[in-house]
Each structure stands twice: as structure tokens, then as C-alpha cells.
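Enquirer: To be precise about what I am sending: the file is called run_7.cif and holds mmCIF, C-alpha atoms and all ligand atoms.
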```
data_target
#
loop_
_atom_site.label_atom_id
_atom_site.label_comp_id
_atom_site.auth_asym_id
_atom_site.auth_seq_id
_atom_site.Cartn_x
_atom_site.Cartn_y
_atom_site.Cartn_z
CA MET A 1 0.00 0.00 0.00
CA GLU A 2 1.18 3.50 -0.80
CA ALA A 3 1.95 5.74 2.16
CA THR A 4 0.18 9.08 2.30
CA ASP A 5 1.73 12.26 3.63
CA PHE A 6 -0.39 14.62 5.65
CA ILE A 7 0.18 18.30 6.38
CA LYS A 8 -1.56 20.59 8.82
CA TYR A 9 -4.77 22.14 7.44
CA THR A 10 -4.76 25.95 7.33
CA PRO A 11 -8.25 27.40 7.73
CA ILE A 12 -9.17 30.53 5.74
CA ASP A 13 -8.81 34.00 7.26
CA THR A 14 -12.40 35.08 7.99
CA GLN A 15 -11.30 38.72 8.56
CA ASN A 16 -13.01 38.71 11.95
CA HIS A 17 -16.40 38.00 10.40
CA THR A 18 -18.59 35.32 11.88
CA ALA A 19 -19.60 32.25 9.94
CA LEU A 20 -23.16 33.64 9.77
CA GLU A 21 -22.01 36.98 8.37
CA ARG A 22 -19.98 35.26 5.70
CA ALA A 23 -22.77 32.80 4.88
CA VAL A 24 -25.29 35.64 4.48
CA ASP A 25 -22.87 37.66 2.30
CA TYR A 26 -21.97 34.73 0.08
CA ARG A 27 -25.60 33.80 -0.34
CA ALA A 28 -26.45 37.34 -1.52
CA PHE A 29 -23.53 37.23 -3.95
CA ILE A 30 -24.41 33.81 -5.37
CA GLU A 31 -28.13 34.61 -5.56
CA GLN A 32 -27.31 37.33 -8.09
CA ARG A 33 -26.13 34.67 -10.53
CA ARG A 34 -28.36 34.05 -13.51
CA SER A 35 -28.08 31.72 -16.48
CA LEU A 36 -27.66 33.94 -19.53
CA ARG A 37 -28.48 33.32 -23.18
CA PHE A 38 -27.43 36.74 -24.46
CA PHE A 39 -23.69 37.31 -24.66
CA SER A 40 -21.46 40.18 -25.72
CA ASP A 41 -18.65 39.31 -28.12
CA LYS A 42 -16.25 41.32 -25.93
CA GLU A 43 -12.97 39.49 -25.47
CA VAL A 44 -12.21 37.55 -22.29
CA SER A 45 -8.52 36.76 -21.78
CA LYS A 46 -7.17 33.23 -21.86
CA ALA A 47 -5.66 33.87 -18.41
CA THR A 48 -9.14 34.63 -17.04
CA ILE A 49 -10.54 31.41 -18.48
CA GLU A 50 -7.57 29.41 -17.24
CA ASN A 51 -8.02 30.70 -13.69
CA ILE A 52 -11.74 29.93 -13.78
CA ILE A 53 -11.05 26.41 -15.04
CA MET A 54 -8.38 25.79 -12.42
CA THR A 55 -10.87 26.92 -9.75
CA ALA A 56 -13.30 24.34 -11.13
CA SER A 57 -10.57 21.72 -11.19
CA SER A 58 -9.99 22.22 -7.45
CA ALA A 59 -13.40 20.64 -6.79
CA PRO A 60 -13.56 17.48 -4.69
CA SER A 61 -13.75 14.26 -6.71
CA GLY A 62 -14.01 10.53 -6.11
CA ALA A 63 -10.59 9.34 -4.83
CA HIS A 64 -9.21 12.72 -5.98
CA LYS A 65 -9.11 11.42 -9.54
CA GLN A 66 -10.33 14.73 -11.03
CA PRO A 67 -12.08 12.84 -13.84
CA TRP A 68 -12.60 15.77 -16.19
CA THR A 69 -11.22 17.63 -19.20
CA PHE A 70 -12.18 21.22 -19.92
CA CYS A 71 -11.96 22.03 -23.64
CA ALA A 72 -11.72 25.82 -23.97
CA ILE A 73 -12.62 27.00 -27.46
CA SER A 74 -12.11 30.53 -28.77
CA SER A 75 -11.55 29.60 -32.42
CA ALA A 76 -14.39 31.14 -34.49
CA GLU A 77 -14.12 28.25 -36.93
CA ILE A 78 -14.58 25.56 -34.28
CA LYS A 79 -17.36 27.52 -32.54
CA ALA A 80 -19.21 27.72 -35.88
CA LYS A 81 -18.89 23.95 -36.34
CA ILE A 82 -20.17 23.34 -32.81
CA ARG A 83 -23.10 25.71 -33.36
CA GLU A 84 -24.06 24.03 -36.61
CA ALA A 85 -23.99 20.55 -35.09
CA ALA A 86 -25.74 21.64 -31.88
CA GLU A 87 -28.53 23.36 -33.81
CA LYS A 88 -29.01 20.28 -35.97
CA GLU A 89 -29.64 18.17 -32.85
CA GLU A 90 -31.70 20.87 -31.13
CA TYR A 91 -33.91 21.28 -34.21
CA ILE A 92 -34.79 17.60 -34.05
CA SER A 93 -35.32 17.82 -30.28
CA TYR A 94 -37.64 20.81 -30.45
CA ASN A 95 -39.53 19.30 -33.40
CA GLY A 96 -40.49 15.92 -32.01
CA ARG A 97 -37.84 14.46 -29.73
CA MET A 98 -38.92 16.40 -26.63
CA SER A 99 -42.28 15.60 -25.00
CA GLU A 100 -45.16 18.10 -24.87
CA GLU A 101 -44.70 18.30 -21.10
CA TRP A 102 -41.02 19.14 -21.52
CA LEU A 103 -41.70 21.82 -24.15
CA ASP A 104 -44.39 23.22 -21.88
CA ASP A 105 -41.93 23.39 -18.95
CA LEU A 106 -39.51 25.36 -21.17
CA LYS A 107 -42.06 27.93 -22.38
CA LYS A 108 -41.11 30.47 -19.73
CA PHE A 109 -37.50 30.48 -21.00
CA ASP A 110 -38.56 31.22 -24.59
CA THR A 111 -35.84 28.91 -25.96
CA ASP A 112 -35.79 27.25 -29.36
CA TRP A 113 -33.32 25.36 -31.57
CA ASN A 114 -31.38 28.52 -32.48
CA LYS A 115 -28.15 28.82 -30.49
CA PRO A 116 -26.46 32.06 -31.65
CA PHE A 117 -24.61 32.39 -28.34
CA ILE A 118 -22.30 29.55 -29.42
CA ASP A 119 -20.80 31.87 -32.06
CA ILE A 120 -21.08 35.10 -30.10
CA ALA A 121 -19.62 34.20 -26.69
CA PRO A 122 -15.82 34.60 -26.75
CA TRP A 123 -15.30 31.20 -25.13
CA ILE A 124 -17.13 27.90 -25.32
CA ILE A 125 -16.11 25.44 -22.65
CA VAL A 126 -16.98 21.83 -23.28
CA LEU A 127 -16.65 19.86 -20.09
CA PHE A 128 -15.92 16.17 -20.60
CA LYS A 129 -16.23 13.46 -17.98
CA LYS A 130 -13.62 10.73 -17.97
CA ALA A 131 -15.13 7.31 -17.43
CA TYR A 132 -11.58 6.03 -16.81
CA ASP A 133 -8.00 7.23 -17.22
CA LEU A 134 -5.08 5.57 -18.97
CA ASP A 135 -1.61 5.15 -17.47
CA GLU A 136 1.59 5.51 -19.55
CA ASP A 137 1.28 1.90 -20.70
CA GLY A 138 -2.33 2.38 -21.80
CA ASN A 139 -3.80 0.43 -18.88
CA LYS A 140 -7.24 1.52 -17.70
CA MET A 141 -7.34 3.21 -14.29
CA LYS A 142 -10.72 3.40 -12.60
CA ASN A 143 -12.50 6.64 -11.75
CA TYR A 144 -15.21 6.81 -9.12
CA TYR A 145 -18.45 8.77 -8.77
CA VAL A 146 -17.69 10.40 -12.10
CA ASN A 147 -21.06 12.15 -12.58
CA GLU A 148 -21.07 13.48 -9.03
CA SER A 149 -17.46 14.69 -9.34
CA VAL A 150 -17.92 16.42 -12.69
CA GLY A 151 -21.21 17.94 -11.53
CA ILE A 152 -19.47 19.49 -8.51
CA ALA A 153 -16.64 20.81 -10.73
CA ALA A 154 -19.26 22.37 -13.01
CA GLY A 155 -20.76 24.10 -9.97
CA PHE A 156 -17.36 25.46 -8.97
CA PHE A 157 -16.89 26.62 -12.56
CA ILE A 158 -20.21 28.45 -12.66
CA SER A 159 -19.53 30.25 -9.37
CA ALA A 160 -16.02 31.23 -10.55
CA VAL A 161 -17.50 32.68 -13.76
CA HIS A 162 -19.97 34.66 -11.65
CA ASN A 163 -17.22 35.91 -9.35
CA SER A 164 -15.36 37.31 -12.40
CA GLY A 165 -18.40 39.37 -13.43
CA LEU A 166 -18.91 37.07 -16.40
CA VAL A 167 -21.90 34.93 -17.28
CA THR A 168 -22.49 31.41 -18.49
CA LEU A 169 -25.19 28.93 -19.38
CA THR A 170 -25.37 25.20 -18.71
CA HIS A 171 -26.22 24.12 -22.22
CA THR A 172 -26.86 20.49 -23.05
CA PRO A 173 -27.43 19.99 -26.77
CA SER A 174 -28.79 16.50 -26.85
CA PRO A 175 -27.41 14.06 -27.83
CA MET A 176 -23.97 15.56 -27.27
CA ASN A 177 -21.70 12.91 -28.74
CA PHE A 178 -20.96 15.10 -31.79
CA LEU A 179 -18.68 17.09 -29.47
CA GLN A 180 -16.44 14.10 -28.88
CA THR A 181 -15.91 13.66 -32.64
CA LEU A 182 -15.69 17.34 -33.44
CA LEU A 183 -13.09 18.03 -30.75
CA GLY A 184 -11.25 14.76 -31.38
CA ARG A 185 -11.52 13.62 -27.78
CA PRO A 186 -10.38 10.10 -26.84
CA ASP A 187 -12.68 7.18 -26.11
CA ASN A 188 -12.57 7.60 -22.31
CA GLU A 189 -14.05 11.12 -22.49
CA ARG A 190 -17.78 11.82 -22.77
CA PRO A 191 -19.31 15.30 -23.16
CA PHE A 192 -21.01 16.43 -19.97
CA LEU A 193 -21.90 20.12 -20.43
CA LEU A 194 -21.34 22.95 -22.87
CA LEU A 195 -20.79 26.31 -21.18
CA PRO A 196 -20.51 29.54 -23.17
CA VAL A 197 -18.62 32.18 -21.17
CA GLY A 198 -18.46 35.93 -21.70
CA TYR A 199 -19.82 39.29 -20.68
CA PRO A 200 -23.58 39.73 -20.81
CA ALA A 201 -24.93 41.58 -23.88
CA ASP A 202 -25.95 45.16 -23.08
CA ASP A 203 -29.59 44.31 -23.76
CA ALA A 204 -29.51 40.88 -22.11
CA VAL A 205 -32.72 39.80 -20.42
CA VAL A 206 -33.45 36.95 -18.03
CA PRO A 207 -36.79 35.35 -17.25
CA VAL A 208 -38.50 36.30 -14.01
CA LEU A 209 -38.10 33.19 -11.90
CA GLU A 210 -38.71 32.48 -8.25
CA ARG A 211 -36.39 30.28 -6.28
CA LYS A 212 -37.69 27.73 -3.80
CA SER A 213 -37.82 28.82 -0.16
CA ALA A 214 -35.86 27.29 2.71
CA ASP A 215 -39.03 25.44 3.73
CA ASP A 216 -39.24 23.92 0.26
CA VAL A 217 -35.67 22.64 0.12
CA ILE A 218 -34.53 21.99 3.70
CA VAL A 219 -35.66 19.34 6.17
CA TYR A 220 -34.12 19.67 9.63
CA TYR A 221 -33.86 16.68 11.94
N1 LIG B 1 -31.28 21.52 -24.64
C1 LIG B 1 -32.32 22.39 -25.10
C2 LIG B 1 -33.57 22.29 -24.30
C3 LIG B 1 -33.50 22.75 -22.90
C4 LIG B 1 -33.67 21.83 -21.89
C5 LIG B 1 -33.70 22.21 -20.58
I1 LIG B 1 -34.04 20.86 -19.15
C6 LIG B 1 -33.52 23.57 -20.25
O1 LIG B 1 -33.55 23.96 -18.93
C7 LIG B 1 -33.37 24.50 -21.26
C8 LIG B 1 -33.36 24.08 -22.57
C9 LIG B 1 -31.83 23.83 -25.24
O2 LIG B 1 -30.72 24.12 -24.80
O3 LIG B 1 -32.55 24.65 -25.79
#
```
Would you give me this structure, written as C-alpha cells?
Ligand code: IYR
Expert:
Amino acid sequence: MEATDFIKYTPIDTQNHTALERAVDYRAFIEQRRSLRFFSDKEVSKATIENIIMTASSAPSGAHKQPWTFCAISSAEIKAKIREAAEKEEYISYNGRMSEEWLDDLKKFDTDWNKPFIDIAPWIIVLFKKAYDLDEDGNKMKNYYVNESVGIAAGFFISAVHNSGLVTLTHTPSPMNFLQTLLGRPDNERPFLLLPVGYPADDAVVPVLERKSADDVIVYY
């Protein structure tokens, strides 16, 4: 068995604020986040995206395997190809693949098969989950709780985007396997989410939505 080294944990500096104060502040900050469909084409630096991705990649994961790859696309040519393929799938989805109930649930978002934001946003991040990894000899190494791990990393990513004053959208063109081919990803990687990142368009709007109350989402024992 491999030995593990341990070092002393250093807690964060709470700047003399109580846990409650910080929890209230962070809640207010995070509650301002909205999923956006209207992006500005204003440039976002590669360094910004890299820092956001590395924040996401610090998320906890099963056995610390970090079973993810973030493909960060700024090439107009590749974005156009992704948009074309995504719209092809979305067109089929909106015109028969999605149930009436599903389409009805989406009415308040006013979405359709058109996905102009894929071209407009300066960055498209395609997050892949890694079902397994390969060692130098090509042997399969198991990953654990892959969906949970990648879902948590996506959450970290979304909050890091928000903290930078940027916006994103959890977009899931379905089925998504075209992304694996288009981006030439290996067999062990499966597309998980597509996240456009950028500044909001000046005239961006968001639907009026209510969030569930504490009573709706918390059960105390
Ligand atoms: N993937 C489609 C449909 C869609 C599905 C859900 I669930 C949403 O919350 C929003 C949209 C699309 O992106 O339009």
C-alpha cells in the first residue's frame, strides 16, 4: 500500500467576520447569478478562463481522480462547427424528440433550436467526464463517482465565472456525442456540459423566476 503524507490544514482567514455573516454575504452574492443566453462578443482573456477552469478543477472528486477535461474553445471556426452541429440536434429535439410536457416546462425560457450564443460568446467550454484514465502503458485506471465529481466541478466553474463578473449557461445539446468527434476527444471522455462564457450583452434579459424557499428545500432533523 502507498503511504500518504499529511500536512496541517490551514483554515481561511475570515477577517473577523462570523460564519453567519460570511454565509449571508456569500448567499447574496451567489443569488445574483443568472443563467444567460445573451452574450457580448467582448474578449475575455485566456488567463481569465484558465483561472476559472483551475478553480473548477480544485473541486472534490471521487478518490481525488479529477475525472474531467475542460476544452476551452475561442476559435471562431470551431465555434461555428459546434453551433451548426448543436442546432441540428436541437432542431430535431424541439420538433419531435422532446415531449409536450417538456416543451411546456420550457415555455417560460422562450428557448428554441437557435443557439447564436455559441458563435457570439468569446469562449465555449466543453466539459468532458472521464469514465476512466489511462496510465503511460495504456492500462485503464478506474475513476469513481464520475457524474457526481464532474457535476461538482461544473458548480465550482459556474460560481467562478460569476465571481469574475462574467456569465455562463449550462447548455446540453442532446445528444452531445458530436462534441467528442468534433473536438477529437479520446474514447474515455464523454461530453457532460457545454458552457458559453463571456460578458452579458448590453440588452440581455433573463426570465423572471422564483427560487424555492428554505421550507421547500430543507428538512431539519
Ligand atoms: N437543450 C435544449 C432544451 C432545454 C432543456 C432544458 I431541461 C432547459 O432547462 C433549457 C433548454 C436547449 O438548450 O434549448
Enquirer: When the cut-off is 12 Å and you count all atoms listed in the file, which residues lie near ligand LIG 1 (chain B), shown as a PyMOL selection string?
Expert: chain A and resi 35-37+83+86-95+97-99+101-118+169-176+193-196+207
Enquirer: For atom CA of Ala59 of chain A and atom CA of Phe156 of chain A, determine how far apart the two atoms are, in Å to one decimal place.
Expert: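 Taking atom CA of Ala59 of chain A as the start and atom CA of Phe156 of chain A as the end point, the length is 6.6 Å.
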Enquirer: With segment 62-67 of chain A as the partner and 6 Å as the cut-off, tabulate the residues of segment 119-206 of chain A that qualify, each row holding the nearest pair of atoms and their distance in Å to one decimal, using all atoms listed in the file, sorted by chain and rising number, as a tab-separated table.
Expert:
```
residue	atom	partner	partner_atom	distance
A:Lys129	CA	A:Pro67	CA	5.9
A:Lys130	CA	A:Pro67	CA	4.9
A:Tyr144	CA	A:Gly62	CA	4.9
A:Tyr145	CA	A:Gly62	CA	5.5
```
Enquirer: As an exercise, work out the distance from atom CA of Arg33 of chain A to atom CA of Asn177 of chain A in Å and give it to one decimal place.
Expert: 28.7 Å
Enquirer: Return the single residue from A:Glu43, A:Asp5, A:Asp13, A:Glu50 that is closest to Phe157 of chain A, with distances computed using all atoms listed in the file.
Expert: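 Distance minimum relative to Phe157 of chain A lands on A:Glu50.
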Enquirer: By how many Å are atom CA of Phe128 of chain A and atom CA of Thr168 of chain A apart?
Expert: 16.7 Å
Enquirer: Select all residues near (-15.3, 32.6, -22.2) (cut-off 7 Å, inclusive, file coordinates), counting all atoms listed in the file, and output them as a ChimeraX atom specification.
Expert: /A:44,49,121-124,196-198
